[in-house]
$ cat input03.cif   # mmCIF, C-alpha atoms
data_protein
#
loop_
_atom_site.label_atom_id
_atom_site.label_comp_id
_atom_site.auth_asym_id
_atom_site.auth_seq_id
_atom_site.Cartn_x
_atom_site.Cartn_y
_atom_site.Cartn_z
CA MET A 17 0.00 0.00 0.00
CA ASN A 18 1.34 3.43 -0.96
CA LEU A 19 0.25 5.33 2.14
CA SER A 20 1.58 8.88 2.46
CA PRO A 21 2.83 9.54 6.00
CA LEU A 22 1.50 12.47 7.97
CA PRO A 23 4.03 15.33 8.30
CA ALA A 24 6.09 15.39 11.48
CA ILE A 25 5.07 19.00 12.12
CA MET A 26 1.51 17.73 12.61
CA LEU A 27 2.43 14.71 14.72
CA GLU A 28 5.02 16.16 17.09
CA PRO A 29 2.63 18.33 19.16
CA LEU A 30 0.36 15.32 19.74
CA VAL A 31 3.19 13.08 20.84
CA ARG A 32 4.89 15.76 22.91
CA ALA A 33 1.64 16.49 24.79
CA ALA A 34 1.11 12.77 25.48
CA LEU A 35 4.66 12.39 26.79
CA LEU A 36 4.33 15.43 29.04
CA GLU A 37 1.09 14.02 30.42
CA ASP A 38 2.90 10.80 31.34
CA LEU A 39 6.13 12.37 32.63
CA GLY A 40 4.33 14.73 35.00
CA ARG A 41 6.55 16.72 37.35
CA GLY A 42 9.24 14.17 38.13
CA GLY A 43 9.76 12.05 35.03
CA ASP A 44 9.95 8.26 34.96
CA LEU A 45 10.76 7.48 38.60
CA THR A 46 10.81 3.71 38.04
CA SER A 47 13.15 3.53 35.05
CA ASN A 48 15.45 6.21 36.44
CA ALA A 49 15.77 4.28 39.72
CA VAL A 50 16.05 0.74 38.37
CA VAL A 51 17.85 1.01 35.01
CA PRO A 52 21.50 2.20 34.80
CA LYS A 53 21.84 5.44 32.87
CA ASP A 54 24.35 4.03 30.38
CA HIS A 55 22.54 0.73 29.71
CA HIS A 56 21.60 0.13 26.06
CA THR A 57 19.18 -2.53 24.91
CA THR A 58 17.14 -3.84 22.00
CA THR A 59 13.39 -4.47 22.17
CA VAL A 60 10.77 -5.46 19.63
CA LEU A 61 7.21 -4.34 18.97
CA THR A 62 5.26 -7.58 18.62
CA ALA A 63 1.67 -8.15 17.50
CA ARG A 64 -0.27 -10.09 20.09
CA GLN A 65 -3.23 -10.23 17.70
CA ALA A 66 -3.54 -10.39 13.93
CA GLY A 67 -4.54 -7.09 12.35
CA THR A 68 -3.48 -4.06 10.34
CA VAL A 69 -0.72 -1.69 11.44
CA ALA A 70 -1.06 2.09 11.76
CA GLY A 71 0.71 4.72 13.83
CA LEU A 72 4.37 3.79 13.51
CA ASP A 73 5.45 7.38 12.88
CA LEU A 74 3.90 8.45 16.19
CA ALA A 75 5.56 5.56 18.01
CA THR A 76 8.92 6.48 16.49
CA LEU A 77 8.48 10.10 17.56
CA ALA A 78 7.65 9.06 21.12
CA PHE A 79 10.98 7.28 21.46
CA ARG A 80 13.02 9.91 19.64
CA LEU A 81 11.59 12.84 21.60
CA ILE A 82 12.72 11.21 24.84
CA ASP A 83 16.18 10.45 23.41
CA PRO A 84 17.35 11.03 19.81
CA ASP A 85 19.74 8.09 20.19
CA VAL A 86 16.84 5.61 20.17
CA GLU A 87 16.55 3.95 16.77
CA MET A 88 13.36 2.25 15.57
CA THR A 89 13.66 -0.07 12.57
CA VAL A 90 10.30 -0.82 10.96
CA ARG A 91 9.75 -4.29 9.55
CA ARG A 92 6.04 -4.03 8.74
CA ALA A 93 4.92 -0.61 7.52
CA ASP A 94 1.62 1.11 8.20
CA GLY A 95 -1.14 -0.56 6.21
CA SER A 96 0.48 -4.00 6.48
CA GLU A 97 -1.54 -7.00 7.55
CA ILE A 98 0.26 -8.75 10.39
CA ALA A 99 -0.07 -12.16 12.01
CA GLN A 100 -0.21 -12.85 15.72
CA GLY A 101 3.33 -13.01 17.08
CA GLU A 102 4.84 -11.12 14.15
CA ILE A 103 7.52 -8.52 14.85
CA ILE A 104 6.48 -5.09 13.60
CA ALA A 105 9.63 -3.14 14.47
CA SER A 106 12.75 -3.24 16.61
CA VAL A 107 13.66 -0.44 19.01
CA SER A 108 17.29 -0.04 20.10
CA GLY A 109 19.11 2.49 22.25
CA PRO A 110 19.29 3.79 25.81
CA ALA A 111 17.10 1.50 27.90
CA ARG A 112 15.75 4.24 30.15
CA ALA A 113 14.47 6.22 27.18
CA ILE A 114 12.83 3.17 25.59
CA LEU A 115 10.99 2.29 28.80
CA THR A 116 9.96 5.89 29.44
CA ALA A 117 8.41 6.28 25.97
CA GLU A 118 6.96 2.75 25.83
CA ARG A 119 3.41 3.48 26.98
CA THR A 120 2.95 6.61 24.89
CA ALA A 121 4.27 4.82 21.80
CA LEU A 122 1.99 1.85 22.42
CA ASN A 123 -1.06 4.01 23.18
CA PHE A 124 -0.84 5.60 19.75
CA LEU A 125 0.17 2.41 17.94
CA CYS A 126 -2.47 0.16 19.51
CA HIS A 127 -5.28 2.71 19.10
CA LEU A 128 -4.55 3.56 15.48
CA SER A 129 -3.86 -0.06 14.54
CA GLY A 130 -7.23 -0.94 16.07
CA ILE A 131 -8.94 1.59 13.82
CA ALA A 132 -7.04 0.31 10.78
CA THR A 133 -7.90 -3.29 11.67
CA ALA A 134 -11.61 -2.55 12.09
CA THR A 135 -11.67 -0.64 8.80
CA ALA A 136 -9.93 -3.44 6.96
CA SER A 137 -12.32 -5.99 8.44
CA VAL A 138 -15.43 -4.10 7.28
CA GLY A 139 -13.78 -3.49 3.91
CA ALA A 140 -13.22 -7.21 3.50
CA ALA A 141 -16.86 -7.86 4.36
CA VAL A 142 -18.10 -5.69 1.47
CA ARG A 143 -15.49 -6.78 -1.05
CA GLY A 144 -17.00 -7.47 -4.44
CA HIS A 145 -19.38 -4.52 -4.20
CA GLY A 146 -18.62 -0.96 -5.27
CA ALA A 147 -19.17 0.70 -1.90
CA LYS A 148 -16.31 2.45 -0.12
CA ILE A 149 -16.04 2.40 3.67
CA VAL A 150 -15.71 5.94 5.06
CA CYS A 151 -15.31 7.43 8.52
CA THR A 152 -17.11 10.40 10.10
CA ARG A 153 -16.36 13.37 12.38
CA LYS A 154 -16.99 11.17 15.43
CA THR A 155 -13.35 11.25 16.46
CA THR A 156 -11.35 11.72 19.65
CA PRO A 157 -10.86 15.48 20.21
CA GLY A 158 -7.38 16.43 19.05
CA LEU A 159 -6.74 13.13 17.26
CA ARG A 160 -8.94 13.50 14.18
CA ALA A 161 -6.12 13.74 11.64
CA VAL A 162 -4.34 10.61 12.89
CA GLU A 163 -7.55 8.62 13.38
CA LYS A 164 -8.62 9.43 9.83
CA TYR A 165 -5.13 8.46 8.67
CA ALA A 166 -5.63 5.10 10.39
CA VAL A 167 -8.87 4.61 8.44
CA ARG A 168 -6.91 5.12 5.23
CA ALA A 169 -4.25 2.69 6.45
CA GLY A 170 -7.02 0.12 6.78
CA GLY A 171 -8.13 0.68 3.19
CA GLY A 172 -11.00 3.05 3.94
CA SER A 173 -11.65 6.60 2.81
CA ASN A 174 -12.29 9.83 4.67
CA HIS A 175 -15.48 11.86 4.92
CA ARG A 176 -15.26 15.52 5.94
CA PHE A 177 -12.26 16.49 8.07
CA GLY A 178 -14.21 19.39 9.57
CA LEU A 179 -17.10 21.75 9.13
CA ASP A 180 -15.17 23.85 6.64
CA ASP A 181 -14.48 21.49 3.74
CA ALA A 182 -18.01 20.66 2.52
CA ILE A 183 -21.68 21.36 3.24
CA LEU A 184 -23.74 18.61 4.87
CA ILE A 185 -27.34 19.70 5.42
CA LYS A 186 -28.89 17.60 8.20
CA ASP A 187 -32.33 17.40 9.77
CA ASN A 188 -31.78 20.24 12.23
CA HIS A 189 -30.54 22.55 9.48
CA ILE A 190 -33.69 21.80 7.48
CA ALA A 191 -35.96 22.28 10.49
CA ILE A 192 -34.47 25.68 11.29
CA ALA A 193 -34.38 26.80 7.63
CA GLY A 194 -38.03 25.81 7.24
CA SER A 195 -37.72 23.51 4.23
CA ILE A 196 -35.32 21.39 2.23
CA ARG A 197 -35.51 23.80 -0.68
CA THR A 198 -34.70 26.84 1.46
CA ALA A 199 -31.74 25.07 3.09
CA ILE A 200 -30.23 23.98 -0.22
CA GLU A 201 -30.79 27.33 -1.93
CA ARG A 202 -29.18 29.21 0.96
CA ALA A 203 -26.25 26.83 0.96
CA ARG A 204 -25.72 27.09 -2.77
CA SER A 205 -25.76 30.89 -2.70
CA SER A 206 -23.27 31.05 0.17
CA VAL A 207 -20.33 28.94 -1.06
CA GLY A 208 -17.99 28.75 -4.01
CA HIS A 209 -18.35 26.44 -6.96
CA LEU A 210 -15.80 23.94 -5.62
CA VAL A 211 -17.70 23.22 -2.39
CA LYS A 212 -19.82 20.07 -2.50
CA ILE A 213 -23.34 19.96 -1.05
CA GLU A 214 -24.70 16.81 0.57
CA VAL A 215 -28.19 16.50 2.07
CA GLU A 216 -29.33 14.01 4.70
CA VAL A 217 -32.67 12.28 4.14
CA ASP A 218 -34.41 9.49 6.01
CA THR A 219 -37.39 8.82 3.75
CA LEU A 220 -37.86 8.23 0.05
CA THR A 221 -40.29 11.16 -0.07
CA GLN A 222 -37.58 13.49 1.20
CA LEU A 223 -35.14 12.01 -1.28
CA GLU A 224 -37.49 12.77 -4.18
CA GLU A 225 -37.71 16.40 -3.07
CA VAL A 226 -33.94 16.68 -2.65
CA LEU A 227 -33.13 15.16 -6.04
CA ALA A 228 -35.17 17.86 -7.78
CA LEU A 229 -32.65 20.36 -6.37
CA ALA A 230 -29.58 18.52 -7.76
CA PRO A 231 -27.31 18.03 -4.72
CA ASP A 232 -23.84 16.52 -5.15
CA ALA A 233 -24.54 13.75 -2.65
CA VAL A 234 -27.34 12.34 -0.52
CA LEU A 235 -26.91 10.85 2.93
CA LEU A 236 -29.41 8.00 3.32
CA ASP A 237 -29.79 7.87 7.08
CA ASN A 238 -31.01 4.79 8.96
CA MET A 239 -32.86 3.36 5.96
CA SER A 240 -33.75 -0.30 5.61
CA VAL A 241 -31.97 -2.38 3.00
CA ASP A 242 -35.10 -2.34 0.83
CA ALA A 243 -35.40 1.43 1.11
CA LEU A 244 -31.71 1.84 0.25
CA ARG A 245 -32.19 -0.27 -2.85
CA GLN A 246 -35.11 1.92 -3.93
CA ALA A 247 -33.14 5.06 -3.13
CA VAL A 248 -30.22 4.00 -5.32
CA ALA A 249 -32.65 3.34 -8.17
CA MET A 250 -34.26 6.77 -7.69
CA VAL A 251 -30.91 8.55 -7.68
CA ALA A 252 -29.82 6.68 -10.82
CA GLY A 253 -26.30 8.07 -10.74
CA ARG A 254 -27.33 11.72 -10.42
CA ALA A 255 -25.66 12.07 -7.02
CA ILE A 256 -23.31 10.18 -4.74
CA THR A 257 -25.25 7.90 -2.40
CA GLU A 258 -24.07 7.40 1.18
CA ALA A 259 -25.62 4.96 3.63
CA SER A 260 -25.28 5.77 7.32
CA GLY A 261 -26.70 4.84 10.70
CA ARG A 262 -25.68 2.06 13.12
CA ILE A 263 -23.97 0.01 10.41
CA THR A 264 -21.99 -3.00 11.62
CA GLU A 265 -19.61 -5.42 9.97
CA ALA A 266 -22.48 -7.93 9.89
CA SER A 267 -24.96 -5.56 8.23
CA ALA A 268 -22.51 -3.89 5.84
CA PRO A 269 -22.53 -6.56 3.09
CA ALA A 270 -26.30 -6.34 2.54
CA ILE A 271 -26.10 -2.55 2.53
CA ALA A 272 -23.22 -2.60 0.03
CA ALA A 273 -25.26 -4.93 -2.19
CA THR A 274 -27.92 -2.21 -2.61
CA GLY A 275 -25.50 -0.29 -4.82
CA VAL A 276 -24.72 2.66 -2.54
CA ASP A 277 -21.45 4.43 -3.25
CA LEU A 278 -20.37 5.00 0.36
CA ILE A 279 -20.97 3.39 3.74
CA SER A 280 -20.12 5.75 6.61
CA ILE A 281 -19.39 4.26 10.01
CA GLY A 282 -18.76 6.36 13.10
CA TRP A 283 -17.59 3.59 15.41
CA LEU A 284 -14.46 3.00 13.33
CA THR A 285 -12.93 6.03 15.03
CA HIS A 286 -14.94 6.50 18.22
CA SER A 287 -15.01 2.95 19.58
CA ALA A 288 -12.95 0.46 17.58
CA PRO A 289 -11.09 -1.86 19.98
CA ILE A 290 -7.33 -1.51 20.15
CA LEU A 291 -4.99 -3.95 18.44
CA ASP A 292 -2.90 -5.56 21.17
CA ILE A 293 0.76 -4.81 20.51
CA GLY A 294 3.52 -5.23 23.10
CA LEU A 295 7.10 -4.07 23.59
CA ASP A 296 9.26 -7.07 24.47
CA TYR A 297 12.90 -7.34 25.52
CA ARG A 298 14.56 -9.51 22.94
CA GLU A 299 18.15 -9.41 21.77
CA LEU A 300 18.21 -9.86 18.00
#
$ encode --input "input03.cif" --output "structure tokens"
Amino acid sequence: MNLSPLPAIMLEPLVRAALLEDLGRGGDLTSNAVVPKDHHTTTVLTARQAGTVAGLDLATLAFRLIDPDVEMTVRRADGSEIAQGEIIASVSGPARAILTAERTALNFLCHLSGIATATASVGAAVRGHGAKIVCTRKTTPGLRAVEKYAVRAGGGSNHRFGLDDAILIKDNHIAIAGSIRTAIERARSSVGHLVKIEVEVDTLTQLEEVLALAPDAVLLDNMSVDALRQAVAMVAGRAITEASGRITEASAPAIAATGVDLISIGWLTHSAPILDIGLDYREL
């Protein structure tokens, strides 16, 4: 997978803040007391579960920010599928620094690999259909960029990064505007020609009204599989179709089979389980 890494200038503040949170006022009391200052060692990052890797750049930064002499050699890059027991990377250098950065490195690596693994699993479930798996804005505050990166590492695609990169007219917008037509017309008159407009609908009657106003995309919210199939037929390629609403890995294949273009899933970023990865002492 050709996955472009996130720039270090974006990652460093996240990792630095996490390290400072862990170091507190006195630093790593345990490692500083138990491990000789000049002791060097080699450890390995090992997968304790099968899955998909993401977050190695953040893990590397965690070690290097504690001590630039720590070297991390990656064996399985972000986006790689790994087996249980497989070595992902080796980490060599001053032992105190490695142990001090261990938890921060693993917190990022396990969390983002969990997101990538969940995304890859849902993607595999819908393989053979044309639907893409996409994430949402339901992300951990401060971690949106890296969590969305992890979705891409798992083979998924990203929805909006924020409120400023597209218009998504939802039920509350319509209620306050007074009508679907008013909401769309106001939106269209307020943004430039490069800004896409998507409208959320939850009935086929609403969809019919929206289609007459030529949106770029329609969000088909919490519709049954039968309704989704009818919605795709109604749209007939005139707009991008996105299915959303409590979609699971089990329900995704039937939804993908309706012909929708996108399946958006919030839990990929807000509650995917971690991938268990450990740092083990092992001379290579």
$ resolve_selection --input "input03.cif" --expression "the PyMOL selection byres ((chain A and resi 290) around 6)" --output "list in words"
Cys126, His127, Gly130, Pro289 and Leu291 of chain A
$ residues_around --input "input03.cif" --residues "region 23-30 of chain A" --least-positions-apart "4" --cutoff "9 Å" --atoms "all atoms listed in the file" --output "JSON, numbers by chain"
{"A": [34, 35, 73, 74, 77, 78, 81, 158, 159, 161, 162]}
$ write_last_selection --input "input03.cif" --atoms "C-alpha atoms" --output "compact mmCIF listing (two decimals), in the coordinates of the input"
# COMPACT_ATOMS: atom_id res chain seq x y z
CA ALA A 34 1.11 12.77 25.48
CA LEU A 35 4.66 12.39 26.79
CA ASP A 73 5.45 7.38 12.88
CA LEU A 74 3.90 8.45 16.19
CA LEU A 77 8.48 10.10 17.56
CA ALA A 78 7.65 9.06 21.12
CA LEU A 81 11.59 12.84 21.60
CA GLY A 158 -7.38 16.43 19.05
CA LEU A 159 -6.74 13.13 17.26
CA ALA A 161 -6.12 13.74 11.64
CA VAL A 162 -4.34 10.61 12.89
$ atom_distance --input "input03.cif" --atom1 "CA of Ser96 (chain A)" --atom2 "CA of Ile271 (chain A)"
26.9 Å
$ closest_residue --input "input03.cif" --among "A:Ser206, A:Asn174, A:Thr76, A:Gln222" --to "Ile190 (chain A)" --atoms "only C-alpha atoms"
A:Gln222
$ atom_distance --input "input03.cif" --atom1 "CA of Thr58 (chain A)" --atom2 "CA of Ile114 (chain A)"
9.0 Å
$ atom_distance --input "input03.cif" --atom1 "CA of Val60 (chain A)" --atom2 "CA of Gly101 (chain A)"
10.9 Å
$ closest_residue --input "input03.cif" --among "A:Pro157, A:Gly294, A:Gly172, A:Pro52" --to "Leu122 (chain A)" --atoms "only C-alpha atoms"
A:Gly294
$ closest_residue --input "input03.cif" --among "A:Pro269, A:Glu214, A:Gly71, A:Asp296" --to "Arg143 (chain A)" --atoms "all atoms listed in the file"
A:Pro269
$ residues_around --input "input03.cif" --residues "Ala63 (chain A)" --least-positions-apart "2" --cutoff "6 Å" --atoms "all atoms listed in the file" --output "list in words"
Gln65, Gln100, Gly101, Glu102 and Ile293 of chain A
$ resolve_selection --input "input03.cif" --expression "the PyMOL selection byres ((chain A and resi 223-236) around 9)" --output "CSV table (one decimal) with C-alpha atoms, keeping the file's coordinate frame"
chain,number,residue,atom,x,y,z
A,184,LEU,CA,-23.7,18.6,4.9
A,186,LYS,CA,-28.9,17.6,8.2
A,196,ILE,CA,-35.3,21.4,2.2
A,197,ARG,CA,-35.5,23.8,-0.7
A,200,ILE,CA,-30.2,24.0,-0.2
A,201,GLU,CA,-30.8,27.3,-1.9
A,212,LYS,CA,-19.8,20.1,-2.5
A,213,ILE,CA,-23.3,20.0,-1.0
A,214,GLU,CA,-24.7,16.8,0.6
A,215,VAL,CA,-28.2,16.5,2.1
A,216,GLU,CA,-29.3,14.0,4.7
A,217,VAL,CA,-32.7,12.3,4.1
A,218,ASP,CA,-34.4,9.5,6.0
A,219,THR,CA,-37.4,8.8,3.8
A,220,LEU,CA,-37.9,8.2,0.0
A,221,THR,CA,-40.3,11.2,-0.1
A,222,GLN,CA,-37.6,13.5,1.2
A,237,ASP,CA,-29.8,7.9,7.1
A,238,ASN,CA,-31.0,4.8,9.0
A,239,MET,CA,-32.9,3.4,6.0
A,244,LEU,CA,-31.7,1.8,0.2
A,247,ALA,CA,-33.1,5.1,-3.1
A,250,MET,CA,-34.3,6.8,-7.7
A,251,VAL,CA,-30.9,8.6,-7.7
A,254,ARG,CA,-27.3,11.7,-10.4
A,255,ALA,CA,-25.7,12.1,-7.0
A,256,ILE,CA,-23.3,10.2,-4.7
A,257,THR,CA,-25.2,7.9,-2.4
A,258,GLU,CA,-24.1,7.4,1.2
A,259,ALA,CA,-25.6,5.0,3.6
A,260,SER,CA,-25.3,5.8,7.3
A,261,GLY,CA,-26.7,4.8,10.7
$ residues_around --input "input03.cif" --residues "Ala199 (chain A)" --least-positions-apart "3" --cutoff "10 Å" --atoms "only C-alpha atoms" --output "PyMOL selection string"
chain A and resi 185-186+189-196+202-204+215
$ closest_residue --input "input03.cif" --among "A:Ala93, A:Ala166, A:Val50, A:Ile98" --to "Leu115 (chain A)" --atoms "all atoms listed in the file"
A:Val50
$ closest_residue --input "input03.cif" --among "A:Ala288, A:Ile279, A:Val86, A:Leu179" --to "Lys148 (chain A)" --atoms "all atoms listed in the file"
A:Ile279
$ resolve_selection --input "input03.cif" --expression "the PyMOL selection byres ((chain A and resi 19) around 10)" --output "list in words"
Met17, Asn18, Ser20, Pro21, Leu22, Ala93, Asp94, Gly95, Tyr165, Arg168, Ala169 and Gly171 of chain A
$ residues_near_point --input "input03.cif" --point "(13.4, 15.0, 28.2)" --cutoff "9 Å" --atoms "all atoms listed in the file" --output "ChimeraX atom specification"
/A:39,43,81-83,113
$ write_last_selection --input "input03.cif" --atoms "C-alpha atoms" --output "PDB file, in the coordinates of the input"
ATOM      1  CA  LEU A  39       6.130  12.370  32.630  1.00  0.00           C
ATOM      2  CA  GLY A  43       9.760  12.050  35.030  1.00  0.00           C
ATOM      3  CA  LEU A  81      11.590  12.840  21.600  1.00  0.00           C
ATOM      4  CA  ILE A  82      12.720  11.210  24.840  1.00  0.00           C
ATOM      5  CA  ASP A  83      16.180  10.450  23.410  1.00  0.00           C
ATOM      6  CA  ALA A 113      14.470   6.220  27.180  1.00  0.00           C
TER       7      ALA A 113
END
$ axis_aligned_box --input "input03.cif" --around "region 146-150 of chain A" --padding-each-side "6 Å" --output "AutoDock Vina command-line options"
--center_x -17.4 --center_y 2.5 --center_z -0.1 --size_x 15.5 --size_y 18.9 --size_z 22.3
